[in-house]
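Listing of query05.cif; format and content: mmCIF, C-alpha atoms.
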```cif
data_entry
#
loop_
_atom_site.label_atom_id
_atom_site.label_comp_id
_atom_site.auth_asym_id
_atom_site.auth_seq_id
_atom_site.Cartn_x
_atom_site.Cartn_y
_atom_site.Cartn_z
CA MET A 20 0.00 0.00 0.00
CA LYS A 21 2.82 2.35 0.92
CA LYS A 22 4.57 1.49 -2.33
CA ASN A 23 1.46 2.34 -4.35
CA ASN A 24 1.09 5.64 -2.50
CA PHE A 25 4.76 6.47 -3.16
CA LEU A 26 4.38 5.78 -6.89
CA LYS A 27 1.16 7.79 -7.03
CA ASP A 28 2.84 10.69 -5.24
CA LEU A 29 5.88 10.51 -7.55
CA VAL A 30 3.80 10.43 -10.73
CA GLY A 31 1.71 13.31 -9.47
CA ARG A 32 4.72 15.57 -9.00
CA GLN A 33 5.44 18.14 -11.70
CA ILE A 34 9.12 17.19 -11.96
CA PHE A 35 8.16 13.60 -12.84
CA ILE A 36 7.84 14.45 -16.57
CA PRO A 37 11.46 15.64 -17.11
CA ILE A 38 12.82 12.88 -14.86
CA ALA A 39 10.91 10.25 -16.84
CA ALA A 40 12.13 11.73 -20.15
CA LEU A 41 15.70 11.79 -18.84
CA LEU A 42 15.50 8.13 -17.79
CA VAL A 43 14.07 7.10 -21.16
CA LEU A 44 16.90 8.86 -23.03
CA ALA A 45 19.51 7.42 -20.67
CA LEU A 46 18.13 3.88 -21.08
CA PHE A 47 18.02 4.25 -24.88
CA ASN A 48 21.66 5.34 -25.04
CA LEU A 49 22.73 2.67 -22.56
CA ILE A 50 21.25 -0.01 -24.81
CA ALA A 51 22.33 1.54 -28.12
CA ASP A 52 25.88 2.43 -27.09
CA PRO A 53 27.13 2.21 -23.48
CA ALA A 54 30.19 4.26 -24.53
CA PHE A 55 27.83 7.25 -24.63
CA PHE A 56 28.40 7.62 -20.87
CA LYS A 57 32.19 7.45 -21.04
CA ILE A 58 34.02 10.49 -19.64
CA THR A 59 37.73 10.96 -20.28
CA LEU A 60 40.29 13.36 -18.86
CA GLY A 61 42.57 14.82 -21.51
CA THR A 62 44.26 18.09 -22.37
CA ASN A 63 43.20 20.96 -24.60
CA SER A 64 45.30 22.93 -27.08
CA THR A 65 46.96 24.88 -24.28
CA GLY A 66 47.88 21.75 -22.33
CA ASP A 67 45.33 22.24 -19.54
CA PRO A 68 43.38 19.20 -18.22
CA VAL A 69 39.78 19.03 -19.45
CA LEU A 70 36.98 16.50 -19.24
CA SER A 71 35.37 15.31 -22.47
CA GLY A 72 32.54 13.03 -23.51
CA TYR A 73 28.90 13.18 -24.50
CA LEU A 74 27.77 13.80 -20.92
CA ILE A 75 30.18 16.75 -20.63
CA THR A 76 28.78 18.14 -23.89
CA ILE A 77 25.25 17.87 -22.48
CA LEU A 78 26.27 19.69 -19.30
CA ASP A 79 28.18 22.31 -21.29
CA TYR A 80 25.55 23.31 -23.84
CA GLY A 81 22.64 22.39 -21.58
CA SER A 82 23.86 24.92 -19.02
CA GLU A 83 23.47 27.68 -21.58
CA LEU A 84 19.89 26.61 -22.21
CA ALA A 85 19.20 26.20 -18.48
CA ILE A 86 20.12 29.85 -17.90
CA LEU A 87 17.58 30.90 -20.54
CA ALA A 88 14.98 28.54 -19.05
CA ILE A 89 15.16 30.46 -15.74
CA GLY A 90 14.02 33.70 -17.35
CA MET A 91 11.59 32.02 -19.75
CA THR A 92 9.86 30.29 -16.84
CA LEU A 93 9.23 33.60 -15.07
CA VAL A 94 7.99 35.26 -18.26
CA THR A 95 5.65 32.35 -19.01
CA ALA A 96 4.29 32.29 -15.46
CA ALA A 97 3.69 36.05 -15.24
CA SER A 98 2.43 36.83 -18.75
CA GLY A 99 0.87 33.56 -19.86
CA GLY A 100 2.97 33.69 -23.03
CA GLN A 101 6.48 33.16 -24.30
CA ASP A 102 9.30 35.37 -25.55
CA ILE A 103 10.35 34.24 -29.02
CA SER A 104 13.02 36.94 -29.36
CA VAL A 105 15.67 35.48 -27.02
CA GLY A 106 17.84 34.20 -29.88
CA ALA A 107 17.87 37.61 -31.58
CA ALA A 108 18.41 39.32 -28.22
CA MET A 109 21.41 37.04 -27.59
CA ALA A 110 22.84 38.19 -30.93
CA ILE A 111 22.42 41.81 -29.80
CA ALA A 112 24.03 41.14 -26.41
CA GLY A 113 26.95 39.34 -28.04
CA SER A 114 27.39 42.10 -30.60
CA VAL A 115 27.39 44.76 -27.86
CA THR A 116 30.03 42.81 -25.93
CA LEU A 117 32.30 42.63 -28.97
CA LYS A 118 31.75 46.30 -29.78
CA VAL A 119 32.82 47.40 -26.30
CA LEU A 120 35.86 45.11 -26.25
CA CYS A 121 36.99 45.77 -29.83
CA GLY A 122 36.06 49.42 -30.22
CA SER A 123 36.46 50.65 -33.80
CA ASN A 124 39.04 47.96 -34.65
CA THR A 125 37.45 44.64 -35.54
CA ARG A 126 40.67 42.73 -34.80
CA PRO A 127 42.36 44.53 -31.93
CA GLU A 128 45.72 43.34 -30.61
CA THR A 129 44.62 44.34 -27.11
CA LEU A 130 41.13 44.69 -25.66
CA GLN A 131 39.78 48.24 -25.58
CA ALA A 132 37.98 47.64 -22.26
CA PRO A 133 38.00 45.05 -19.47
CA ILE A 134 35.96 41.93 -20.26
CA ILE A 135 33.68 42.53 -17.26
CA VAL A 136 32.80 45.98 -18.65
CA GLY A 137 31.78 44.50 -21.99
CA PHE A 138 29.63 41.95 -20.18
CA LEU A 139 27.94 44.55 -17.93
CA VAL A 140 27.13 46.81 -20.88
CA ALA A 141 25.57 43.82 -22.66
CA VAL A 142 23.50 43.08 -19.52
CA ILE A 143 22.19 46.66 -19.41
CA VAL A 144 21.29 46.61 -23.11
CA ALA A 145 19.56 43.21 -22.81
CA MET A 146 17.61 44.44 -19.78
CA LEU A 147 16.42 47.47 -21.76
CA PHE A 148 15.21 45.29 -24.61
CA GLY A 149 13.56 43.00 -22.05
CA ALA A 150 11.82 46.01 -20.52
CA PHE A 151 10.70 47.06 -24.02
CA ASN A 152 9.05 43.67 -24.54
CA GLY A 153 7.57 43.83 -21.04
CA VAL A 154 6.01 47.24 -21.63
CA LEU A 155 4.37 46.03 -24.84
CA VAL A 156 2.90 43.05 -23.00
CA ALA A 157 1.99 44.73 -19.70
CA TYR A 158 0.76 48.17 -20.70
CA PHE A 159 -0.25 47.77 -24.34
CA LYS A 160 -1.80 44.33 -23.67
CA ILE A 161 -0.17 42.78 -26.72
CA GLN A 162 -0.01 39.00 -26.72
CA PRO A 163 3.58 38.04 -25.70
CA MET A 164 4.46 36.12 -28.86
CA VAL A 165 3.23 39.00 -31.02
CA ALA A 166 5.01 41.61 -28.89
CA THR A 167 8.32 39.77 -28.99
CA LEU A 168 7.94 39.10 -32.71
CA ILE A 169 9.15 42.68 -33.24
CA LEU A 170 12.57 41.99 -31.73
CA TYR A 171 12.61 38.49 -33.22
CA THR A 172 12.34 40.08 -36.66
CA ALA A 173 14.63 43.07 -36.18
CA GLY A 174 17.09 41.82 -33.55
CA ARG A 175 19.72 40.25 -35.79
CA SER A 176 19.74 43.29 -38.06
CA ILE A 177 20.27 45.49 -34.99
CA ALA A 178 23.12 43.20 -33.89
CA ALA A 179 24.79 43.54 -37.31
CA TRP A 180 24.26 47.33 -37.31
CA ILE A 181 26.02 47.69 -33.94
CA ASN A 182 29.28 46.48 -35.51
CA ASN A 183 28.65 47.99 -38.97
CA ASN A 184 27.91 44.53 -40.33
CA GLU A 185 31.51 43.49 -39.66
CA LEU A 186 32.61 40.39 -37.75
CA PRO A 187 34.89 41.39 -34.84
CA VAL A 188 37.42 38.80 -33.71
CA ILE A 189 38.99 38.73 -30.24
CA SER A 190 42.34 36.99 -29.91
CA ASP A 191 42.73 37.41 -26.14
CA PRO A 192 42.62 33.85 -24.69
CA ALA A 193 41.01 35.10 -21.46
CA PHE A 194 37.87 36.02 -23.40
CA ALA A 195 37.35 32.37 -24.33
CA TYR A 196 37.22 31.21 -20.71
CA ALA A 197 33.47 31.78 -20.29
CA GLY A 198 32.60 29.55 -23.22
CA GLY A 199 35.42 27.08 -22.68
CA PHE A 200 37.58 26.13 -19.73
CA ILE A 201 39.36 28.13 -17.05
CA PRO A 202 43.00 26.93 -16.89
CA GLY A 203 43.34 24.33 -14.15
CA ILE A 204 39.61 23.58 -13.93
CA PRO A 205 38.64 20.52 -16.01
CA ILE A 206 34.88 21.15 -16.12
CA PRO A 207 33.33 23.60 -18.62
CA THR A 208 33.00 27.15 -17.30
CA THR A 209 29.37 27.19 -18.46
CA CYS A 210 28.54 24.63 -15.76
CA ILE A 211 29.96 26.96 -13.11
CA ILE A 212 28.08 29.96 -14.53
CA ALA A 213 24.83 27.99 -14.65
CA ALA A 214 25.34 26.79 -11.06
CA VAL A 215 25.81 30.39 -9.90
CA CYS A 216 22.63 31.45 -11.75
CA VAL A 217 20.64 28.58 -10.24
CA ILE A 218 21.89 29.40 -6.73
CA LEU A 219 20.98 33.07 -7.20
CA ILE A 220 17.45 32.35 -8.42
CA VAL A 221 16.94 29.84 -5.57
CA LEU A 222 17.99 32.51 -3.05
CA VAL A 223 15.73 35.09 -4.70
CA MET A 224 12.79 32.69 -4.59
CA LYS A 225 13.50 31.82 -0.96
CA PHE A 226 14.07 35.29 0.49
CA THR A 227 11.75 37.42 -1.67
CA ALA A 228 8.12 37.22 -2.73
CA LEU A 229 8.97 36.98 -6.44
CA ARG A 230 7.51 33.48 -6.80
CA LEU A 231 4.29 34.42 -5.01
CA TYR A 232 3.83 37.65 -6.93
CA THR A 233 4.62 36.07 -10.31
CA GLN A 234 2.23 33.18 -9.76
CA SER A 235 -0.49 35.48 -8.44
CA VAL A 236 -0.35 37.68 -11.54
CA GLY A 237 -0.26 34.66 -13.85
CA ILE A 238 -3.20 32.92 -12.17
CA ASN A 239 -5.51 35.92 -11.82
CA GLU A 240 -4.28 39.40 -12.70
CA SER A 241 -7.42 41.15 -11.47
CA SER A 242 -7.32 39.40 -8.12
CA ALA A 243 -3.62 40.22 -7.77
CA ARG A 244 -4.39 43.89 -8.37
CA LEU A 245 -7.13 43.87 -5.74
CA ASN A 246 -4.59 42.45 -3.29
CA GLY A 247 -2.29 45.42 -3.80
CA LEU A 248 0.08 44.05 -6.46
CA ASN A 249 1.10 45.89 -9.60
CA PRO A 250 0.73 43.29 -12.38
CA GLU A 251 2.33 45.53 -15.00
CA MET A 252 5.54 46.00 -13.03
CA ILE A 253 5.76 42.31 -12.16
CA LYS A 254 5.45 41.36 -15.84
CA ILE A 255 8.11 43.90 -16.81
CA LEU A 256 10.36 42.58 -14.03
CA ALA A 257 10.00 39.06 -15.43
CA TYR A 258 11.08 40.26 -18.89
CA VAL A 259 13.98 42.22 -17.41
CA ILE A 260 15.21 39.12 -15.56
CA LEU A 261 14.95 37.20 -18.82
CA GLY A 262 17.05 39.99 -20.35
CA VAL A 263 19.80 39.30 -17.80
CA CYS A 264 19.66 35.59 -18.64
CA VAL A 265 19.86 36.43 -22.34
CA ALA A 266 22.93 38.61 -21.78
CA ILE A 267 24.70 35.82 -19.90
CA ALA A 268 23.86 33.26 -22.59
CA GLY A 269 24.87 35.71 -25.34
CA PHE A 270 28.20 36.37 -23.65
CA ILE A 271 28.84 32.62 -23.47
CA LYS A 272 28.01 32.23 -27.16
CA VAL A 273 30.48 34.85 -28.40
CA SER A 274 33.06 33.61 -25.91
CA ARG A 275 32.89 30.14 -27.46
CA LEU A 276 33.70 31.52 -30.91
CA SER A 277 35.61 34.73 -30.04
CA THR A 278 33.51 36.27 -32.80
CA ILE A 279 29.89 36.35 -33.98
CA ASN A 280 27.76 35.29 -36.93
CA TYR A 281 24.66 37.44 -36.76
CA SER A 282 22.36 35.21 -38.82
CA VAL A 283 23.31 31.89 -37.22
CA ILE A 284 24.19 32.57 -33.58
CA ALA A 285 21.59 31.16 -31.16
CA LYS A 286 19.33 30.22 -34.07
CA ASP A 287 16.08 28.60 -32.86
CA ILE A 288 17.29 28.57 -29.24
CA GLU A 289 14.06 30.30 -28.19
CA MET A 290 12.14 27.17 -29.17
CA ASP A 291 14.40 25.01 -27.02
CA ALA A 292 13.92 27.38 -24.08
CA ILE A 293 10.13 27.25 -24.46
CA LEU A 294 10.25 23.46 -24.82
CA ALA A 295 12.33 23.24 -21.61
CA VAL A 296 9.60 25.13 -19.74
CA ALA A 297 6.91 22.88 -21.21
CA LEU A 298 8.91 19.72 -20.52
CA GLY A 299 9.17 20.87 -16.92
CA GLY A 300 5.40 20.46 -16.67
CA ASN A 301 4.75 24.21 -16.43
CA ALA A 302 1.51 25.50 -17.90
CA LEU A 303 2.30 27.66 -20.94
CA SER A 304 -0.80 29.67 -20.09
CA GLY A 305 0.89 31.03 -16.96
CA GLY A 306 0.42 30.70 -13.22
CA LYS A 307 2.17 28.16 -11.01
CA PHE A 308 5.63 27.04 -12.02
CA ASN A 309 8.46 24.76 -10.95
CA MET A 310 11.82 26.36 -11.65
CA GLY A 311 13.77 23.19 -10.90
CA ALA A 312 11.69 21.23 -13.40
CA SER A 313 12.35 23.84 -16.12
CA ILE A 314 16.10 23.71 -15.50
CA LEU A 315 16.07 19.92 -15.61
CA GLY A 316 13.96 20.16 -18.77
CA ALA A 317 16.70 22.24 -20.39
CA TYR A 318 19.26 19.50 -19.80
CA VAL A 319 16.82 16.89 -21.11
CA ILE A 320 16.41 18.90 -24.32
CA GLN A 321 20.18 19.04 -24.71
CA PHE A 322 20.36 15.31 -23.92
CA LEU A 323 17.91 14.71 -26.78
CA THR A 324 19.84 17.02 -29.13
CA THR A 325 23.19 15.38 -28.34
CA THR A 326 21.66 11.91 -28.77
CA LEU A 327 20.29 12.83 -32.19
CA TYR A 328 23.64 14.27 -33.28
CA LYS A 329 25.37 11.16 -31.97
CA PHE A 330 23.26 9.01 -34.26
CA ASN A 331 24.02 11.28 -37.24
CA VAL A 332 20.62 12.94 -37.50
CA PRO A 333 21.01 16.00 -39.78
CA SER A 334 20.71 19.33 -37.98
CA ALA A 335 17.92 20.35 -40.36
CA ALA A 336 15.85 17.40 -39.10
CA LEU A 337 16.23 18.21 -35.38
CA PRO A 338 13.16 20.48 -35.22
CA ALA A 339 11.00 17.62 -36.52
CA TYR A 340 12.07 15.33 -33.67
CA LYS A 341 11.57 18.09 -31.12
CA ALA A 342 8.13 18.75 -32.62
CA VAL A 343 7.18 15.18 -31.72
CA VAL A 344 8.13 15.93 -28.10
CA VAL A 345 6.05 19.12 -28.17
CA ILE A 346 3.02 17.26 -29.55
CA ALA A 347 3.34 14.58 -26.86
CA LEU A 348 3.60 17.20 -24.11
CA VAL A 349 0.65 19.20 -25.39
CA VAL A 350 -1.51 16.10 -25.71
CA LEU A 351 -0.59 14.76 -22.27
CA SER A 352 -1.20 18.14 -20.63
CA ALA A 353 -4.61 18.63 -22.28
CA PRO A 354 -7.45 18.65 -19.69
CA THR A 355 -9.43 16.07 -21.67
CA VAL A 356 -6.54 13.61 -21.71
CA LYS A 357 -5.83 14.20 -18.02
CA ASP A 358 -9.48 13.52 -17.15
CA LYS A 359 -9.53 10.32 -19.20
CA LEU A 360 -6.29 9.06 -17.67
CA SER A 361 -7.59 9.89 -14.20
CA GLY A 362 -10.86 8.07 -14.94
CA LEU A 363 -8.96 5.07 -16.27
CA GLY A 364 -6.84 4.98 -13.14
CA LYS A 365 -9.92 5.05 -10.92
CA LYS A 366 -11.56 2.23 -12.92
CA LEU A 367 -8.46 0.06 -12.65
CA LYS A 368 -8.24 0.76 -8.93
CA SER A 369 -11.92 -0.01 -8.31
CA GLY A 370 -11.67 -3.19 -10.43
CA LYS A 371 -8.67 -4.35 -8.39
CA GLN A 372 -10.46 -3.65 -5.13
CA GLY A 373 -13.52 -5.57 -6.38
CA LYS A 374 -11.41 -8.63 -7.16
CA GLU A 375 -9.74 -8.46 -3.75
CA GLY A 376 -13.16 -8.21 -2.08
CA ALA A 377 -14.43 -11.23 -4.00
#
```
As structure tokens, the full file:
Amino acid sequence: MKKNNFLKDLVGRQIFIPIAALLVLALFNLIADPAFFKITLGTNSTGDPVLSGYLITILDYGSELAILAIGMTLVTAASGGQDISVGAAMAIAGSVTLKVLCGSNTRPETLQAPIIVGFLVAVIVAMLFGAFNGVLVAYFKIQPMVATLILYTAGRSIAAWINNNELPVISDPAFAYAGGFIPGIPIPTTCIIAAVCVILIVLVMKFTALRLYTQSVGINESSARLNGLNPEMIKILAYVILGVCVAIAGFIKVSRLSTINYSVIAKDIEMDAILAVALGGNALSGGKFNMGASILGAYVIQFLTTTLYKFNVPSAALPAYKAVVVIALVVLSAPTVKDKLSGLGKKLKSGKQGKEGA
């Protein structure tokens, strides 16, 4: 009886969906190729020790997506919609970083400003664009996907305009640390950055009322207003926080390459961020959310992507596979399906009890 109650409680938890998906992917790879889980310690081009393997790749690139999932979760919960401009905004943030560090010379021998200054300027710019999206949603009552379509359309052109459509290149090895490895530390720096972001959002959720306010606005905006909250400012705050996440992810992207490709950088990453939120069991219509489930969902998405690449699935076909996941999530989360599954469970339970009574 206790075992049945434990299973029922586990299945009923929101985080069960990403955990189940993670286990399915892990089991598939274990059967198909156990070497998928092999981690080796080697050296990079500079002779520093680094860990490598498919799992390290998942943690590396999944951390980037997890950072975006933090902001996307808050935006979804507060506004009942999603921001589809994060990829374009990442291009802007990366372009701003390069502009500050390179100045007027696209290939400087020395950086024109400290790296931290370039990053902070990118954060400010990304926050402003986040606030712009938030104002459109909160005060002009534009549906989030439509409001963010503006930046989605124009963002990459703005990013190219910032650097006069040139491709700056930074040769300073220290700039590559954020998207690679810090000398002497064998794990990817992105994992450390993501861990810091997760710790910060956990502390914010624990010691402030951000979770309560965000969920209140997402569940019932009118009721939240009657209770003294300012729904408009809370929505804008959610978009601004997403802007910070975008700046961090954009900085990591340009750090990986030490340059930028305006049309390709972070292409379609907004869909992965939205899918991470959905895979975490969060309602895309807003309201209650589970931040931990969204973050885990981000790593599951990267697990899926890495698995597909491992089995030589063309990059152009990846969206089709992810679309199958989206369809499954939407169907399983539909009220009609939930009611039928609940009714089926009750019938099976009553039938079992009837047999035991007989």
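Residues matching the PyMOL selection byres ((chain A and resi 186) around 7) in this structure come to Thr125, Asn184, Glu185, Pro187, Val188, Thr278 and Ile279 of chain A.
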Residue neighbourhood Asn301 in chain A, 10 Å, all atoms listed in the file, exclusion window fewer than 5 positions, as JSON, numbers by chain: {"A": [33, 34, 92, 95, 96, 295, 296, 306, 307, 308, 309, 310, 312, 313, 352]}
12 Å contact set for Ala297 in chain A, all atoms listed in the file, chain neighbours under 4 positions out, as a ChimeraX atom specification: /A:33-34,36-37,88,91-92,95-96,100-101,290-293,301-305,308-310,312-317,319-320,341,344-352
Check which residues of range 266-367 of chain A sit at most 12 Å from range 55-63 of chain A using only C-alpha atoms, and return one row each with the closest pair of atoms and their distance in Å to one decimal, ordered by chain and rising number, as CSV.
```
residue,atom,partner,partner_atom,distance
A:Phe322,CA,A:Phe55,CA,11.0
A:Thr325,CA,A:Phe55,CA,10.1
A:Thr326,CA,A:Phe55,CA,8.8
A:Tyr328,CA,A:Phe55,CA,11.9
A:Lys329,CA,A:Phe55,CA,8.7
A:Phe330,CA,A:Phe55,CA,10.8
```
Residue nearest Leu294 in chain A - candidates A:Leu130, A:Ala195, A:Val165, A:Leu87, atoms counted: only C-alpha atoms: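 Of A:Leu130, A:Ala195, A:Val165, A:Leu87, the one nearest Leu294 in chain A, counting only C-alpha atoms, is A:Leu87.
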Contacts of Ile134 in chain A within 12 Å, all atoms listed in the file, excl. fewer than 5 positions in-chain, as a PyMOL selection string: chain A and resi 115-121+129+139-141+189+191-197+270+274
